[in-house]
Amino acid sequence: MPNLAFLSLGSNIEPEANLNKAVAMLAESSRLVAVSPVWETLPLGVTDQPNFLNAATLVETDRTPEVFKREVIRWIENELGRARNGDKFGPRTIDIDIMLFNQQILELDNRHIPDPEVVERPFVAIPLAEIAPDYRHPETGQTLRDIARGFDVNKEHMRLRPTVSQALMQYLG
């Protein structure tokens with residue numbers, strides 16, 4: 001039985017093109033099950049940079065979380081020119097993170113899965129809820145829908161980007 005990996009994607013360097021390429025590459029390397037609408041969000045930390053475009057995907061893979069991160073996520077980030085300069089809030093071509101993996105609770109390269117950002121960050125919670133609203137967080141027991149309802153997109157300065165969202169849907173098959 002394949003594994004389900006819930007991914008968060010973000011970009012603020014040529015974000016339309018890089019999100020599109022990242023989703024295409026995910027579809028080539030795994031089975032793309034769902035893609036959320038794309039949200040434009042304000043940057044965190046370093047605010048003197050372009051806004052981000054964020055989305056979530058659900059993929060099926062036969063790989064373990066470690067192998068998926070190493071062989072798929074790192075490969076995509078490297079191919080799209082992701083620079084790791086130590087500033088986790090700086091501009092980036094693409095950032096892909098495993099937020100949830102099946103119903104597992106694990107440590108993956110110094111990151112806890114389920115990623116704490118699932119309940120802390122609206123730009124993670126809302127897109128995830130759009131692709132799997134009834135999925136239950138393995139630690140809190142809340143559905144992704146209930147987690148997302150705790151955020152106000154207007155207060156969080158999030159806005160939908162329908163044209164970019166539509167472009168990503170072409171990879172669902």
# chains A, B, ... in the order shown; residues from 1 in each chain; ligands from 1
>>> residues_around(residues="stretch 117-127 of chain A", least_positions_apart="6", cutoff="7 Å", atoms="only C-alpha atoms", output="list in words")
Ser8, Ser36, Pro37, Asn54, Ala55, Ala56, Met99, Leu144, Ile147, Ala148 and Phe151 of chain A
>>> write_last_selection(atoms="C-alpha atoms", output="PDB file, in the first residue's frame")
ATOM      1  CA  SER A   8       3.595  22.316   1.750  1.00  0.00           C
ATOM      2  CA  SER A  36      -4.721  22.938  -3.258  1.00  0.00           C
ATOM      3  CA  PRO A  37      -5.533  26.378  -4.576  1.00  0.00           C
ATOM      4  CA  ASN A  54       1.883  28.822  -1.098  1.00  0.00           C
ATOM      5  CA  ALA A  55       0.068  25.594  -1.886  1.00  0.00           C
ATOM      6  CA  ALA A  56      -0.239  22.045  -0.621  1.00  0.00           C
ATOM      7  CA  MET A  99       3.907  18.281   6.811  1.00  0.00           C
ATOM      8  CA  LEU A 144      -7.553  19.706   9.017  1.00  0.00           C
ATOM      9  CA  ILE A 147      -7.522  23.501  12.283  1.00  0.00           C
ATOM     10  CA  ALA A 148      -8.001  25.772   9.249  1.00  0.00           C
ATOM     11  CA  PHE A 151      -7.495  31.180  11.009  1.00  0.00           C
TER      12      PHE A 151
END
>>> closest_atom_pairs(of="stretch 110-167 of chain A", to="stretch 59-82 of chain A", cutoff="12 Å", atoms="only C-alpha atoms", output="tab-separated table")
residue	atom	partner	partner_atom	distance
A:Asn110	CA	A:Glu66	CA	11.6
A:Arg111	CA	A:Glu66	CA	11.3
A:His112	CA	A:Pro65	CA	11.8
A:Ile113	CA	A:Pro65	CA	9.8
A:Pro114	CA	A:Pro65	CA	11.7
A:Ile131	CA	A:Val59	CA	10.8
A:Ala132	CA	A:Val59	CA	11.6
>>> write_last_selection(atoms="C-alpha atoms", output="short mmCIF file (atom, residue, chain, number, x, y, z; two decimals), in the first residue's frame")
data_model
loop_
_atom_site.label_atom_id
_atom_site.label_comp_id
_atom_site.auth_asym_id
_atom_site.auth_seq_id
_atom_site.Cartn_x
_atom_site.Cartn_y
_atom_site.Cartn_z
CA ASN A 110 15.59 17.44 12.84
CA ARG A 111 11.95 18.13 11.90
CA HIS A 112 9.00 16.71 13.75
CA ILE A 113 6.30 15.13 11.60
CA PRO A 114 3.46 16.10 11.85
CA ILE A 131 -7.01 18.91 -0.11
CA ALA A 132 -7.91 16.67 2.85
#
>>> residues_around(residues="A:Ala83", least_positions_apart="3", cutoff="10 Å", atoms="only C-alpha atoms", output="PyMOL selection string")
chain A and resi 77-78+80+86-87+90-95
>>> atom_distance(atom1="atom CA of A:Thr41", atom2="atom CA of A:Gln166")
17.8 Å
>>> residues_around(residues="A:Thr57", least_positions_apart="6", cutoff="10 Å", atoms="only C-alpha atoms", output="list in words")
Ala5, Phe6, Leu7, Ser8, Leu9, Val23, Leu26, Leu32, Val33, Ala34, Val35, Ser36, Pro37, Ile96, Ile98, Pro127, Leu128, Glu130, Ile131 and Ala132 of chain A
>>> select_by_dssp(residues="chain A", states="helix (DSSP H, G or I)", output="PyMOL selection string")
chain A and resi 15-29+65-79+117-120+122-131+144-149+162-169
>>> atom_distance(atom1="atom CA of A:Glu28", atom2="atom CA of A:Lys88")
27.3 Å
>>> residues_around(residues="A:Leu160", least_positions_apart="4", cutoff="7 Å", atoms="only C-alpha atoms", output="mmCIF file with N, CA and C atoms, in the first residue's frame")
data_model
loop_
_atom_site.group_PDB
_atom_site.id
_atom_site.type_symbol
_atom_site.label_atom_id
_atom_site.label_comp_id
_atom_site.auth_asym_id
_atom_site.auth_seq_id
_atom_site.Cartn_x
_atom_site.Cartn_y
_atom_site.Cartn_z
ATOM 1 N N VAL A 38 -3.788 28.026 -4.820
ATOM 2 C CA VAL A 38 -2.579 28.773 -4.460
ATOM 3 C C VAL A 38 -2.986 30.039 -3.718
ATOM 4 N N TRP A 39 -2.269 30.310 -2.643
ATOM 5 C CA TRP A 39 -2.506 31.483 -1.808
ATOM 6 C C TRP A 39 -1.295 32.397 -1.821
ATOM 7 N N GLU A 40 -1.537 33.682 -1.982
ATOM 8 C CA GLU A 40 -0.472 34.668 -1.838
ATOM 9 C C GLU A 40 -0.448 35.115 -0.383
#
>>> select_by_dssp(residues="stretch 8-168 of chain A", states="strand (DSSP E)", output="JSON, numbers by chain")
{"A": [8, 9, 10, 11, 31, 32, 33, 34, 35, 39, 40, 41, 52, 53, 54, 55, 56, 57, 58, 59, 60, 61, 95, 96, 97, 98, 99, 100, 101, 106, 107, 108, 111, 112, 113, 159, 160]}
>>> write_last_selection(atoms="N, CA and C atoms", output="mmCIF file, in the first residue's frame")
data_model
loop_
_atom_site.group_PDB
_atom_site.id
_atom_site.type_symbol
_atom_site.label_atom_id
_atom_site.label_comp_id
_atom_site.auth_asym_id
_atom_site.auth_seq_id
_atom_site.Cartn_x
_atom_site.Cartn_y
_atom_site.Cartn_z
ATOM 1 N N SER A 8 3.809 20.872 1.836
ATOM 2 C CA SER A 8 3.595 22.316 1.750
ATOM 3 C C SER A 8 4.641 22.865 0.789
ATOM 4 N N LEU A 9 4.200 23.704 -0.152
ATOM 5 C CA LEU A 9 5.099 24.300 -1.128
ATOM 6 C C LEU A 9 5.023 25.812 -1.027
ATOM 7 N N GLY A 10 6.159 26.482 -1.148
ATOM 8 C CA GLY A 10 6.194 27.933 -1.130
ATOM 9 C C GLY A 10 7.297 28.460 -2.014
ATOM 10 N N SER A 11 7.063 29.638 -2.589
ATOM 11 C CA SER A 11 8.059 30.277 -3.453
ATOM 12 C C SER A 11 7.796 31.777 -3.493
ATOM 13 N N ARG A 31 2.646 9.721 -7.437
ATOM 14 C CA ARG A 31 1.266 9.912 -7.931
ATOM 15 C C ARG A 31 0.667 11.118 -7.231
ATOM 16 N N LEU A 32 0.382 12.142 -8.005
ATOM 17 C CA LEU A 32 -0.214 13.361 -7.477
ATOM 18 C C LEU A 32 -1.704 13.120 -7.267
ATOM 19 N N VAL A 33 -2.141 13.162 -6.005
ATOM 20 C CA VAL A 33 -3.529 12.871 -5.657
ATOM 21 C C VAL A 33 -4.361 14.142 -5.604
ATOM 22 N N ALA A 34 -3.779 15.213 -5.042
ATOM 23 C CA ALA A 34 -4.524 16.468 -4.880
ATOM 24 C C ALA A 34 -3.557 17.646 -4.855
ATOM 25 N N VAL A 35 -4.068 18.789 -5.332
ATOM 26 C CA VAL A 35 -3.334 20.051 -5.293
ATOM 27 C C VAL A 35 -4.304 21.114 -4.783
ATOM 28 N N TRP A 39 -2.269 30.310 -2.643
ATOM 29 C CA TRP A 39 -2.506 31.483 -1.808
ATOM 30 C C TRP A 39 -1.295 32.397 -1.821
ATOM 31 N N GLU A 40 -1.537 33.682 -1.982
ATOM 32 C CA GLU A 40 -0.472 34.668 -1.838
ATOM 33 C C GLU A 40 -0.448 35.115 -0.383
ATOM 34 N N THR A 41 0.749 35.121 0.206
ATOM 35 C CA THR A 41 0.894 35.455 1.620
ATOM 36 C C THR A 41 2.068 36.400 1.832
ATOM 37 N N PHE A 52 4.949 35.591 -0.869
ATOM 38 C CA PHE A 52 5.075 34.186 -1.226
ATOM 39 C C PHE A 52 3.798 33.685 -1.878
ATOM 40 N N LEU A 53 3.946 32.673 -2.703
ATOM 41 C CA LEU A 53 2.829 31.876 -3.163
ATOM 42 C C LEU A 53 2.967 30.527 -2.475
ATOM 43 N N ASN A 54 1.872 30.067 -1.846
ATOM 44 C CA ASN A 54 1.883 28.822 -1.098
ATOM 45 C C ASN A 54 0.773 27.904 -1.584
ATOM 46 N N ALA A 55 1.052 26.612 -1.523
ATOM 47 C CA ALA A 55 0.068 25.594 -1.886
ATOM 48 C C ALA A 55 0.404 24.324 -1.116
ATOM 49 N N ALA A 56 -0.475 23.357 -1.211
ATOM 50 C CA ALA A 56 -0.239 22.045 -0.621
ATOM 51 C C ALA A 56 -0.562 20.981 -1.662
ATOM 52 N N THR A 57 0.138 19.862 -1.555
ATOM 53 C CA THR A 57 -0.153 18.725 -2.420
ATOM 54 C C THR A 57 -0.240 17.469 -1.566
ATOM 55 N N LEU A 58 -0.964 16.519 -2.079
ATOM 56 C CA LEU A 58 -1.023 15.183 -1.499
ATOM 57 C C LEU A 58 -0.513 14.239 -2.571
ATOM 58 N N VAL A 59 0.508 13.466 -2.213
ATOM 59 C CA VAL A 59 1.073 12.514 -3.169
ATOM 60 C C VAL A 59 1.097 11.119 -2.567
ATOM 61 N N GLU A 60 0.994 10.128 -3.431
ATOM 62 C CA GLU A 60 1.200 8.735 -3.046
ATOM 63 C C GLU A 60 2.591 8.345 -3.497
ATOM 64 N N THR A 61 3.311 7.666 -2.616
ATOM 65 C CA THR A 61 4.661 7.226 -2.946
ATOM 66 C C THR A 61 4.946 5.886 -2.279
ATOM 67 N N ASP A 95 10.365 25.905 -1.780
ATOM 68 C CA ASP A 95 10.536 25.258 -0.490
ATOM 69 C C ASP A 95 9.451 24.207 -0.403
ATOM 70 N N ILE A 96 9.853 22.947 -0.233
ATOM 71 C CA ILE A 96 8.894 21.849 -0.120
ATOM 72 C C ILE A 96 9.169 21.138 1.194
ATOM 73 N N ASP A 97 8.144 21.015 2.004
ATOM 74 C CA ASP A 97 8.281 20.338 3.292
ATOM 75 C C ASP A 97 7.204 19.273 3.450
ATOM 76 N N ILE A 98 7.594 18.151 4.052
ATOM 77 C CA ILE A 98 6.625 17.132 4.434
ATOM 78 C C ILE A 98 5.959 17.622 5.713
ATOM 79 N N MET A 99 4.659 17.817 5.646
ATOM 80 C CA MET A 99 3.907 18.281 6.811
ATOM 81 C C MET A 99 3.296 17.111 7.582
ATOM 82 N N LEU A 100 2.807 16.123 6.841
ATOM 83 C CA LEU A 100 2.180 14.938 7.415
ATOM 84 C C LEU A 100 2.582 13.758 6.548
ATOM 85 N N PHE A 101 2.713 12.601 7.162
ATOM 86 C CA PHE A 101 3.068 11.391 6.401
ATOM 87 C C PHE A 101 2.240 10.250 6.965
ATOM 88 N N LEU A 106 6.956 11.091 13.627
ATOM 89 C CA LEU A 106 8.363 10.742 13.455
ATOM 90 C C LEU A 106 9.245 11.982 13.457
ATOM 91 N N GLU A 107 10.540 11.748 13.544
ATOM 92 C CA GLU A 107 11.546 12.808 13.409
ATOM 93 C C GLU A 107 12.237 12.587 12.075
ATOM 94 N N LEU A 108 12.341 13.633 11.289
ATOM 95 C CA LEU A 108 12.923 13.535 9.953
ATOM 96 C C LEU A 108 13.872 14.708 9.761
ATOM 97 N N ARG A 111 13.310 17.576 12.014
ATOM 98 C CA ARG A 111 11.953 18.126 11.904
ATOM 99 C C ARG A 111 10.972 17.108 12.430
ATOM 100 N N HIS A 112 10.051 17.587 13.224
ATOM 101 C CA HIS A 112 9.000 16.714 13.751
ATOM 102 C C HIS A 112 7.883 16.607 12.718
ATOM 103 N N ILE A 113 7.440 15.383 12.476
ATOM 104 C CA ILE A 113 6.301 15.132 11.601
ATOM 105 C C ILE A 113 5.246 14.458 12.468
ATOM 106 N N ARG A 159 -4.536 35.857 0.101
ATOM 107 C CA ARG A 159 -5.500 35.984 -0.991
ATOM 108 C C ARG A 159 -5.274 34.886 -2.015
ATOM 109 N N LEU A 160 -6.383 34.386 -2.522
ATOM 110 C CA LEU A 160 -6.324 33.329 -3.528
ATOM 111 C C LEU A 160 -5.745 33.848 -4.837
#
>>> closest_residue(among="A:Leu44, A:Ala24, A:Leu4, A:Ile105", to="A:Met169", atoms="only C-alpha atoms")
A:Ala24
>>> closest_residue(among="A:Gln170, A:Ser165, A:Asp146, A:Asp48", to="A:Asp134", atoms="only C-alpha atoms")
A:Asp146
